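Asks: Coordinates in model.txt, compact mmCIF, C-alpha atoms and all ligand atoms, are listed below.
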```txt
# COMPACT_ATOMS: atom_id res chain seq x y z
CA PRO N 1 115.24 149.26 103.78
CA ARG N 2 117.65 151.15 101.53
CA HIS N 3 115.88 153.12 98.84
CA TYR N 4 117.38 155.09 95.96
CA ARG N 5 115.98 157.38 93.30
CA VAL N 6 117.63 157.25 89.88
CA VAL N 7 116.90 159.65 87.05
CA ALA N 8 117.32 157.93 83.67
CA LEU N 9 118.18 160.20 80.74
CA PRO N 10 118.34 157.85 77.72
CA GLY N 11 119.00 160.54 75.09
CA GLU N 12 119.62 159.49 71.48
CA GLY N 13 121.11 156.78 69.28
CA ILE N 14 121.78 153.58 71.22
CA GLY N 15 121.28 155.53 74.49
CA PRO N 16 117.69 154.33 75.09
CA GLU N 17 118.60 150.67 74.36
CA VAL N 18 121.60 150.51 76.66
CA VAL N 19 119.96 152.52 79.46
CA GLU N 20 116.84 150.30 79.52
CA SER N 21 119.09 147.22 79.53
CA ALA N 22 121.14 148.51 82.45
CA LEU N 23 117.99 149.49 84.39
CA THR N 24 116.55 145.99 83.99
CA VAL N 25 119.75 144.54 85.40
CA LEU N 26 119.78 147.12 88.21
CA GLN N 27 116.20 146.33 89.30
CA HIS N 28 116.92 142.62 89.36
CA LEU N 29 120.06 143.18 91.40
CA ALA N 30 118.20 145.46 93.84
CA GLN N 31 115.70 142.72 94.66
CA GLN N 32 118.46 140.26 95.36
CA HIS N 33 120.54 142.60 97.49
CA GLY N 34 117.76 144.03 99.62
CA PHE N 35 117.44 147.57 98.32
CA SER N 36 114.92 149.29 96.07
CA VAL N 37 115.26 151.76 93.22
CA GLN N 38 112.71 154.25 91.95
CA ILE N 39 113.34 155.23 88.34
CA ASP N 40 112.26 158.59 86.95
CA ARG N 41 112.72 158.99 83.20
CA GLY N 42 113.62 162.37 81.73
CA LEU N 43 114.52 163.93 78.40
CA ILE N 44 117.87 165.17 77.14
CA GLY N 45 119.31 165.91 73.71
CA GLN N 46 117.27 165.80 70.52
CA PRO N 47 114.05 164.39 72.10
CA ALA N 48 114.21 167.16 74.72
CA LEU N 49 114.61 169.80 72.03
CA VAL N 50 111.52 168.51 70.27
CA LYS N 51 109.30 168.19 73.37
CA GLN N 52 110.68 170.82 75.74
CA GLY N 53 112.32 173.38 73.48
CA SER N 54 115.92 172.87 74.65
CA TYR N 55 118.54 170.11 74.81
CA PHE N 56 118.67 170.33 78.60
CA SER N 57 115.51 171.87 79.99
CA GLU N 58 114.72 173.23 83.42
CA VAL N 59 112.15 170.39 83.76
CA THR N 60 114.96 167.82 83.39
CA ALA N 61 117.22 169.77 85.74
CA GLN N 62 114.51 169.83 88.43
CA LEU N 63 113.89 166.10 88.00
CA CYS N 64 117.59 165.41 88.62
CA GLN N 65 117.69 167.63 91.70
CA GLY N 66 117.87 165.54 94.86
CA ALA N 67 118.20 162.18 93.08
CA ASP N 68 120.71 159.53 94.22
CA GLY N 69 122.16 159.28 90.75
CA ILE N 70 121.61 160.07 87.08
CA LEU N 71 121.96 157.28 84.53
CA PHE N 72 122.71 158.84 81.18
CA GLY N 73 122.59 157.20 77.71
CA ALA N 74 124.08 159.23 74.88
CA VAL N 75 123.56 162.41 72.87
CA THR N 76 125.27 163.67 69.73
CA GLN N 77 126.15 167.02 71.24
CA GLY N 78 123.32 168.98 72.85
CA GLY N 79 122.61 168.89 76.57
CA LEU N 80 125.42 166.85 78.06
CA LEU N 81 127.85 169.67 78.78
CA GLU N 82 125.03 171.74 80.30
CA LEU N 83 124.05 168.81 82.53
CA ARG N 84 127.63 168.30 83.72
CA LYS N 85 128.01 172.01 84.44
CA ARG N 86 124.62 172.43 86.12
CA PHE N 87 125.44 170.04 88.97
CA ASP N 88 129.18 170.74 88.98
CA PHE N 89 130.10 167.14 88.11
CA PHE N 90 133.78 168.04 87.93
CA ALA N 91 135.35 164.69 88.82
CA ASN N 92 135.07 162.19 86.00
CA LEU N 93 136.33 158.70 86.87
CA ARG N 94 137.02 156.29 84.03
CA PRO N 95 138.41 152.87 85.02
CA ILE N 96 140.30 150.90 82.36
CA ARG N 97 140.56 147.21 83.27
CA PRO N 98 140.84 144.72 80.39
CA SER N 99 138.79 141.58 80.90
CA PRO N 100 140.95 138.42 80.94
CA SER N 101 138.47 136.90 78.46
CA LEU N 102 138.81 139.72 75.94
CA LEU N 103 142.56 140.08 75.61
CA GLN N 104 142.35 138.97 71.97
CA ALA N 105 139.81 141.74 71.20
CA SER N 106 142.49 144.39 71.73
CA PRO N 107 145.13 145.21 69.09
CA LEU N 108 147.76 144.99 71.85
CA LYS N 109 149.63 141.81 72.69
CA PRO N 110 147.86 139.92 75.50
CA GLU N 111 150.97 139.94 77.72
CA ARG N 112 151.01 143.75 77.58
CA LEU N 113 147.45 143.85 78.93
CA GLN N 114 147.88 141.39 81.78
CA ASP N 115 146.86 143.05 85.08
CA VAL N 116 146.38 146.48 83.51
CA ASP N 117 144.26 148.47 85.97
CA ILE N 118 144.14 152.20 85.26
CA LEU N 119 141.88 154.93 86.56
CA ILE N 120 141.64 158.07 84.44
CA VAL N 121 140.57 161.07 86.53
CA ARG N 122 139.38 163.67 84.07
CA GLU N 123 138.40 167.24 84.98
CA LEU N 124 134.93 167.63 83.48
CA THR N 125 133.48 171.11 84.03
CA SER N 126 136.19 173.51 82.91
CA GLY N 127 139.14 173.78 80.54
CA LEU N 128 138.81 173.98 76.79
CA TYR N 129 135.18 172.79 76.82
CA PHE N 130 133.98 175.71 78.93
CA GLY N 131 136.42 178.59 78.36
CA PRO N 132 135.51 181.75 76.45
CA CYS N 133 134.93 181.02 72.76
CA GLY N 134 133.52 182.64 69.70
CA ARG N 135 133.50 183.22 66.01
CA SER N 136 134.11 186.57 64.45
CA ILE N 137 135.39 188.28 61.35
CA GLU N 138 138.43 190.43 60.74
CA VAL N 139 140.16 191.92 57.71
CA ASP N 140 141.90 188.61 56.93
CA GLY N 141 138.63 186.63 57.13
CA SER N 142 136.56 184.85 59.73
CA TYR N 143 138.08 183.05 62.66
CA GLY N 144 137.09 180.98 65.67
CA TYR N 145 138.61 180.35 69.08
CA HIS N 146 138.22 178.27 72.22
CA THR N 147 140.12 178.97 75.39
CA MET N 148 141.78 176.39 77.64
CA ARG N 149 141.22 178.23 80.90
CA TYR N 150 141.63 176.76 84.39
CA THR N 151 141.68 178.51 87.72
CA ASP N 152 144.41 177.22 90.03
CA ASN N 153 141.66 176.12 92.44
CA GLU N 154 139.94 174.05 89.76
CA ILE N 155 143.22 172.22 89.17
CA ARG N 156 143.83 171.77 92.90
CA ARG N 157 140.39 170.31 93.55
CA ILE N 158 140.58 167.69 90.78
CA ALA N 159 144.17 166.95 91.88
CA LYS N 160 142.89 166.10 95.38
CA VAL N 161 140.36 163.65 93.93
CA ALA N 162 143.08 161.94 91.86
CA LEU N 163 145.51 161.85 94.79
CA GLN N 164 142.86 160.32 97.05
CA LYS N 165 142.08 157.65 94.44
CA ALA N 166 145.80 156.88 94.11
CA ALA N 167 146.05 156.66 97.93
CA ASP N 168 143.18 154.10 97.86
CA ARG N 169 144.80 152.12 95.02
CA ARG N 170 148.46 151.51 94.14
CA HIS N 171 149.82 154.90 95.29
CA HIS N 172 150.96 156.18 91.93
CA LEU N 173 149.72 159.25 90.09
CA THR N 174 150.66 160.41 86.59
CA ILE N 175 149.76 163.98 85.62
CA ALA N 176 148.97 164.56 81.94
CA HIS N 177 150.04 168.06 80.91
CA LYS N 178 151.48 170.05 78.01
CA GLU N 179 153.63 172.56 79.86
CA ASN N 180 156.23 172.77 77.07
CA ALA N 181 153.64 174.48 74.85
CA LEU N 182 151.08 175.69 77.42
CA PRO N 183 153.20 177.08 80.29
CA CYS N 184 150.38 179.21 81.72
CA LEU N 185 148.69 176.02 82.94
CA PRO N 186 151.22 174.70 85.51
CA TRP N 187 149.46 171.43 86.38
CA THR N 188 152.61 169.86 87.81
CA ARG N 189 153.32 172.66 90.30
CA LEU N 190 149.70 172.90 91.41
CA VAL N 191 149.36 169.15 91.96
CA GLN N 192 152.65 169.12 93.88
CA GLU N 193 151.28 171.84 96.14
CA VAL N 194 148.44 169.62 97.38
CA ALA N 195 150.30 166.29 97.14
CA PRO N 196 152.03 166.39 100.58
CA SER N 197 148.66 165.63 102.26
CA PHE N 198 148.76 162.27 100.46
CA ALA N 199 152.11 161.14 101.79
CA HIS N 200 152.27 157.67 100.29
CA VAL N 201 151.45 158.69 96.73
CA THR N 202 154.29 159.13 94.24
CA VAL N 203 153.53 161.80 91.69
CA GLU N 204 154.97 161.76 88.20
CA SER N 205 154.44 164.35 85.53
CA MET N 206 154.22 163.44 81.85
CA LEU N 207 153.66 165.37 78.64
CA VAL N 208 150.30 164.25 77.31
CA ASP N 209 151.61 163.31 73.86
CA ASN N 210 154.22 161.03 75.42
CA LEU N 211 151.60 159.71 77.83
CA ALA N 212 149.37 158.73 74.90
CA MET N 213 152.25 156.74 73.44
CA GLN N 214 153.13 155.13 76.80
CA LEU N 215 149.50 154.11 77.29
CA VAL N 216 149.73 152.06 74.11
CA MET N 217 153.33 150.79 74.54
CA ASN N 218 153.35 150.07 78.26
CA PRO N 219 149.92 150.38 79.91
CA GLN N 220 151.03 148.27 82.90
CA ARG N 221 153.11 151.14 84.27
CA PHE N 222 150.06 153.32 85.09
CA ASP N 223 147.82 153.50 88.15
CA VAL N 224 145.89 156.80 88.30
CA ILE N 225 146.14 159.31 85.45
CA LEU N 226 145.05 162.90 86.09
CA ALA N 227 144.07 164.95 83.05
CA GLY N 228 142.25 168.12 82.10
CA ASN N 229 138.98 167.97 80.19
CA LEU N 230 140.17 167.62 76.57
CA PHE N 231 143.26 165.50 77.25
CA GLY N 232 141.19 163.20 79.46
CA ASP N 233 138.60 162.78 76.72
CA ILE N 234 141.22 161.73 74.19
CA LEU N 235 143.16 159.46 76.57
CA SER N 236 140.00 157.61 77.58
CA ASP N 237 139.37 156.52 74.00
CA ILE N 238 142.84 154.92 74.03
CA GLY N 239 141.48 153.10 77.08
CA GLY N 240 138.71 151.80 74.85
CA ALA N 241 141.32 150.31 72.52
CA LEU N 242 143.15 148.68 75.46
CA VAL N 243 140.03 146.88 76.72
CA GLY N 244 139.03 145.88 73.18
CA SER N 245 135.96 148.07 72.70
CA ILE N 246 134.89 151.52 73.84
CA GLY N 247 131.51 149.84 74.36
CA LEU N 248 132.78 148.26 77.59
CA LEU N 249 133.77 151.38 79.48
CA GLY N 250 131.65 153.12 82.09
CA SER N 251 132.25 156.35 83.93
CA ALA N 252 131.15 158.25 87.01
CA SER N 253 131.11 162.04 87.21
CA LEU N 254 130.83 163.32 90.77
CA ASN N 255 130.38 166.68 92.40
CA ALA N 256 131.74 167.73 95.79
CA ASP N 257 128.67 166.27 97.55
CA GLY N 258 129.19 162.85 95.99
CA PHE N 259 126.14 163.28 93.76
CA GLY N 260 126.86 161.62 90.43
CA LEU N 261 126.14 161.27 86.75
CA TYR N 262 126.81 157.77 85.42
CA GLU N 263 127.29 157.04 81.74
CA ALA N 264 129.05 154.81 79.26
CA VAL N 265 132.16 156.34 77.68
CA HIS N 266 130.89 155.59 74.16
CA GLY N 267 128.62 157.89 72.16
CA THR N 268 125.34 157.49 70.23
CA ALA N 269 126.77 154.91 67.75
CA SER N 270 124.11 155.89 65.20
CA ASP N 271 125.26 153.05 62.91
CA LEU N 272 124.06 150.56 65.55
CA ALA N 273 120.99 152.44 66.81
CA GLY N 274 117.63 150.70 66.55
CA ARG N 275 119.15 147.37 65.50
CA GLY N 276 119.14 145.84 68.97
CA VAL N 277 122.83 144.94 68.76
CA ALA N 278 124.42 147.61 70.97
CA ASN N 279 126.69 146.55 73.81
CA PRO N 280 125.00 147.35 77.15
CA LEU N 281 128.12 146.54 79.18
CA GLY N 282 129.40 150.14 79.19
CA THR N 283 126.21 151.37 80.83
CA ILE N 284 126.17 148.34 83.14
CA ALA N 285 129.73 149.31 84.14
CA ALA N 286 128.37 152.80 84.89
CA VAL N 287 125.71 151.20 87.11
CA GLU N 288 128.49 149.32 88.89
CA LEU N 289 130.19 152.64 89.66
CA MET N 290 126.88 154.04 90.93
CA LEU N 291 126.43 151.07 93.26
CA GLN N 292 129.96 151.53 94.58
CA GLN N 293 129.25 155.20 95.22
CA TRP N 294 126.11 154.21 97.21
CA GLY N 295 128.13 151.74 99.25
CA GLU N 296 126.25 148.78 97.70
CA THR N 297 129.56 147.00 97.25
CA SER N 298 128.33 143.42 97.17
CA ALA N 299 125.84 144.26 94.40
CA ALA N 300 128.59 146.09 92.48
CA ASP N 301 130.98 143.15 92.84
CA ARG N 302 128.28 140.76 91.69
CA LEU N 303 127.78 142.75 88.46
CA ARG N 304 131.46 142.51 87.67
CA GLN N 305 131.55 138.76 88.42
CA VAL N 306 128.59 138.03 86.15
CA GLN N 307 130.08 140.11 83.35
CA GLU N 308 133.34 138.13 83.58
CA GLN N 309 131.41 134.85 83.66
CA LEU N 310 129.45 135.73 80.49
CA LEU N 311 132.53 136.91 78.63
CA ALA N 312 134.44 133.79 79.71
CA ALA N 313 131.57 131.67 78.35
CA GLY N 314 132.13 133.32 74.94
CA TYR N 315 129.10 135.62 74.69
CA ARG N 316 129.96 138.64 72.53
CA THR N 317 128.14 141.64 71.16
CA LEU N 318 129.28 142.65 67.66
CA ASP N 319 131.73 145.31 68.87
CA LEU N 320 133.76 142.69 70.79
CA SER N 321 135.39 141.10 67.71
CA PRO N 322 133.71 137.70 68.05
CA GLN N 323 136.01 134.79 67.16
CA PRO N 324 135.02 131.40 65.74
CA GLY N 325 133.37 129.49 68.57
CA ASP N 326 132.07 132.63 70.29
CA GLN N 327 128.37 133.19 70.63
CA ILE N 328 127.22 136.48 69.03
CA VAL N 329 124.42 137.98 71.10
CA ALA N 330 121.98 140.85 70.67
CA THR N 331 121.50 143.44 73.41
CA GLN N 332 118.36 141.80 74.79
CA GLU N 333 119.88 138.33 74.82
CA LEU N 334 122.84 139.57 76.81
CA VAL N 335 120.48 141.21 79.32
CA GLU N 336 118.56 137.94 79.70
CA LEU N 337 121.79 136.01 80.20
CA PHE N 338 122.72 138.56 82.84
CA LEU N 339 119.44 138.08 84.70
CA GLN N 340 119.77 134.29 84.58
CA ALA N 341 123.33 134.40 85.85
CA LEU N 342 122.45 136.80 88.67
C1 LIG N 401 132.71 161.76 76.36
C2 LIG N 401 132.17 162.33 75.09
C3 LIG N 401 131.75 163.78 75.32
C4 LIG N 401 132.97 164.55 75.77
C5 LIG N 401 131.09 164.45 74.09
C6 LIG N 401 129.83 163.72 73.66
C7 LIG N 401 130.79 165.91 74.33
O1 LIG N 401 133.10 162.22 74.07
O2 LIG N 401 131.99 161.78 77.39
O3 LIG N 401 133.83 161.26 76.37
O4 LIG N 401 133.79 164.97 74.95
O5 LIG N 401 133.10 164.76 76.98
MN MN N 402 134.88 161.04 74.59
```
Translate this file's structure into structure tokens.
Replies:
Amino acid sequence: PRHYRVVALPGEGIGPEVVESALTVLQHLAQQHGFSVQIDRGLIGQPALVKQGSYFSEVTAQLCQGADGILFGAVTQGGLLELRKRFDFFANLRPIRPSPSLLQASPLKPERLQDVDILIVRELTSGLYFGPCGRSIEVDGSYGYHTMRYTDNEIRRIAKVALQKAADRRHHLTIAHKENALPCLPWTRLVQEVAPSFAHVTVESMLVDNLAMQLVMNPQRFDVILAGNLFGDILSDIGGALVGSIGLLGSASLNADGFGLYEAVHGTASDLAGRGVANPLGTIAAVELMLQQWGETSAADRLRQVQEQLLAAGYRTLDLSPQPGDQIVATQELVELFLQAL
């Protein structure tokens, strides 16, 4: 029998609520699809600081070592970047696929969202988030700096991931860059260097500011979007607007061995925390990506089907702009509906 070990790192804010919800769904699914999951819970963020003396402790790192996946909730800032760096989770995959039942939840016209199916491939362990930085003082006052630094090899390796994804999808790749202002980071040239191994993929290069506009004006034109760490972060929130709520998006962050960190794209949502109203679908979408990575495709497909069925029936958490006639549901109610439908 197939057996998997998952490390759950709930973190802060709505993290614990959405992670427990997704785990309940995962365990139910496992039973039905003939595999089993052992869940080890660990600390990250504020609770880790209190109990273990740091946002991302060696205890948590050791717990994650050798697992089949990490399911992460949310933190305000501490611990997440260290976790991503520790296991070299450089390839962040963020699918953007509006649900046919939620087209009215997006500010875009429904016809603009029809059949939108985008994958953002975001570099996650380098760039502006990890370059040399500091604060100091000079004669004209104090100053701070962060450095957007990429080795050519870091760009080539994330490019290969994006090209492979495009080869498996609709054969189109758009590179997000800012070469008119940042010419020392030649993303286009470096991607073109590795692109010939992916013969059927057409590669297009786009300034990230224009890309942000195109994503809103004409999202149907995109297949895979490749972006560095900061640009990918910003573009994925536009993805949240396209699907109607950032609360729906899940992401997978993989290293070269295929080991992965799975998390919702949203943050701690402290305004919603503890009220039992958070949307668990982002974390459930992350579980779907984990199942796909394990090769548990029928279980992954089932999750997606049930989600569509519940949204089509009008069940909505508060973030999904409920309309008259929709049924507003709390986190726990949505989980129960999920279990029934499974
Ligand atoms: C995300 C988040 C994180 C990021 C924050 C919490 C550091 O916004 O995963 O998109 O910027 O990567
Ligand atoms: Mn973000």
Asks: Padding of 4 Å on every side, edges along x, y and z, all listed atoms of segment 239-246 of chain N included: what centre and edge lengths in Å, to one decimal, does that box have, as JSON?
Replies:
```
{"center_x": 139.0, "center_y": 149.5, "center_z": 74.8, "size_x": 16.3, "size_y": 15.2, "size_z": 12.6}
```
Asks: As a quick test: using only C-alpha atoms and all ligand atoms, which residues lie no more than 12 Å away from ligand MN 402 (chain N)? Give them as a PyMOL selection string.
Replies: chain N and resi 74-77+80-81+92+94+122+124+129+229-240+246-247+249-251+263-268
Asks: So that I can check the surroundings of segment 40-43 of chain N, please list as a PyMOL selection string every protein, DNA and RNA residue that reaches within 7 Å of it, counting only C-alpha atoms and ignoring chain neighbours fewer than 5 positions away.
Replies: chain N and resi 6-9+11+48+60
Asks: Would you mind reading off the distance between atom CA of Leu261 of chain N and atom CA of Leu242 of chain N, one decimal, in Å?
Replies: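 Atom-to-atom, atom CA of Leu261 of chain N to atom CA of Leu242 of chain N, that is 24.0 Å.
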Asks: Given only C-alpha atoms as the basis, pick out the residue of N:Gly13, N:Ser142, N:Cys133, N:Leu289 nearest to Gln46 of chain N.
Replies: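 Counting only C-alpha atoms, the residue closest to Gln46 of chain N is N:Gly13.
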Asks: Taking into account all atoms listed in the file, which residue in the set N:Glu154, N:Asp117, N:Asp319, N:Asp140 is nearest to Phe222 of chain N?
Replies: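 Nearest candidate to Phe222 of chain N out of N:Glu154, N:Asp117, N:Asp319, N:Asp140: N:Asp117.
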Asks: Could you check which of N:Ser253, N:Ser245, N:Asn218, N:Gln327 is closest to ligand LIG 401 (chain N), using all atoms listed in the file?
Replies: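 The closest residue to ligand LIG 401 (chain N) is N:Ser253.
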Asks: For ligand LIG 401 (chain N), which residue out of N:Asn279, N:Gln305, N:Thr151, N:Ser126 is the nearest one, using all atoms listed in the file?
Replies: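 The shortest atom-to-atom distance to ligand LIG 401 (chain N) comes from N:Ser126.
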Asks: Could you check the closest approach to Leu291 of chain N for each of N:Glu20, N:Phe198, N:Ala252, N:Ser270 and tell me which residue wins, using only C-alpha atoms?
Replies: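 That would be N:Ala252, the residue with the smallest distance to Leu291 of chain N.
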Asks: Find the spatial neighbours of Ala105 of chain N, counting only C-alpha atoms, within a cut-off of 10 Å - ignore same-chain residues fewer than 5 positions away - and output them as a ChimeraX atom specification.
Replies: /N:98-99,110,241-245,319-323
Asks: Quick one: of N:Ala212, N:Asn255, N:Ser21, N:Ala269, who's nearest to ligand LIG 401 (chain N), counting only C-alpha atoms and all ligand atoms?
Replies: N:Ala269
Asks: Just the number, please: distance in Å from atom CA of Gln65 of chain N to atom CA of Gln38 of chain N, one decimal.
Replies: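 Separation between atom CA of Gln65 of chain N and atom CA of Gln38 of chain N: 14.3 Å.
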Asks: Measure the distance from atom CA of Gly131 of chain N to atom CA of Arg86 of chain N in Å and round it to one decimal.
Replies: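 If I compute the distance from atom CA of Gly131 of chain N to atom CA of Arg86 of chain N, I get 15.4 Å.
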Asks: List the neighbours of segment 169-181 of chain N out to 9 Å using all atoms listed in the file; skip same-chain residues closer than 6 positions along the sequence, and give me the result as a compact mmCIF listing (two decimals) with C-alpha atoms, keeping the file's coordinate frame.
Replies:
```txt
# COMPACT_ATOMS: atom_id res chain seq x y z
CA ALA N 159 144.17 166.95 91.88
CA ALA N 162 143.08 161.94 91.86
CA LEU N 163 145.51 161.85 94.79
CA TRP N 187 149.46 171.43 86.38
CA THR N 188 152.61 169.86 87.81
CA VAL N 191 149.36 169.15 91.96
CA HIS N 200 152.27 157.67 100.29
CA VAL N 201 151.45 158.69 96.73
CA THR N 202 154.29 159.13 94.24
CA VAL N 203 153.53 161.80 91.69
CA GLU N 204 154.97 161.76 88.20
CA SER N 205 154.44 164.35 85.53
CA MET N 206 154.22 163.44 81.85
CA LEU N 207 153.66 165.37 78.64
CA VAL N 208 150.30 164.25 77.31
CA ASP N 209 151.61 163.31 73.86
CA LEU N 211 151.60 159.71 77.83
CA PHE N 222 150.06 153.32 85.09
CA ASP N 223 147.82 153.50 88.15
CA VAL N 224 145.89 156.80 88.30
CA ILE N 225 146.14 159.31 85.45
CA LEU N 226 145.05 162.90 86.09
CA ALA N 227 144.07 164.95 83.05
CA GLY N 228 142.25 168.12 82.10
CA PHE N 231 143.26 165.50 77.25
CA GLY N 232 141.19 163.20 79.46
```
Asks: Set the distance at 9 Å and use all atoms listed in the file: which residues neighbour Ala67 of chain N once local chain neighbours fewer than 3 positions away are removed? I'd like the list as a count of residues only.
Replies: 8
Asks: Do a neighbour search on Val25 of chain N at 9 Å with all atoms listed in the file, toss out local chain neighbours closer than 6 positions, and write the hits as an MDAnalysis selection string.
Replies: chainID N and resid 284 303 335:336 338:339 342
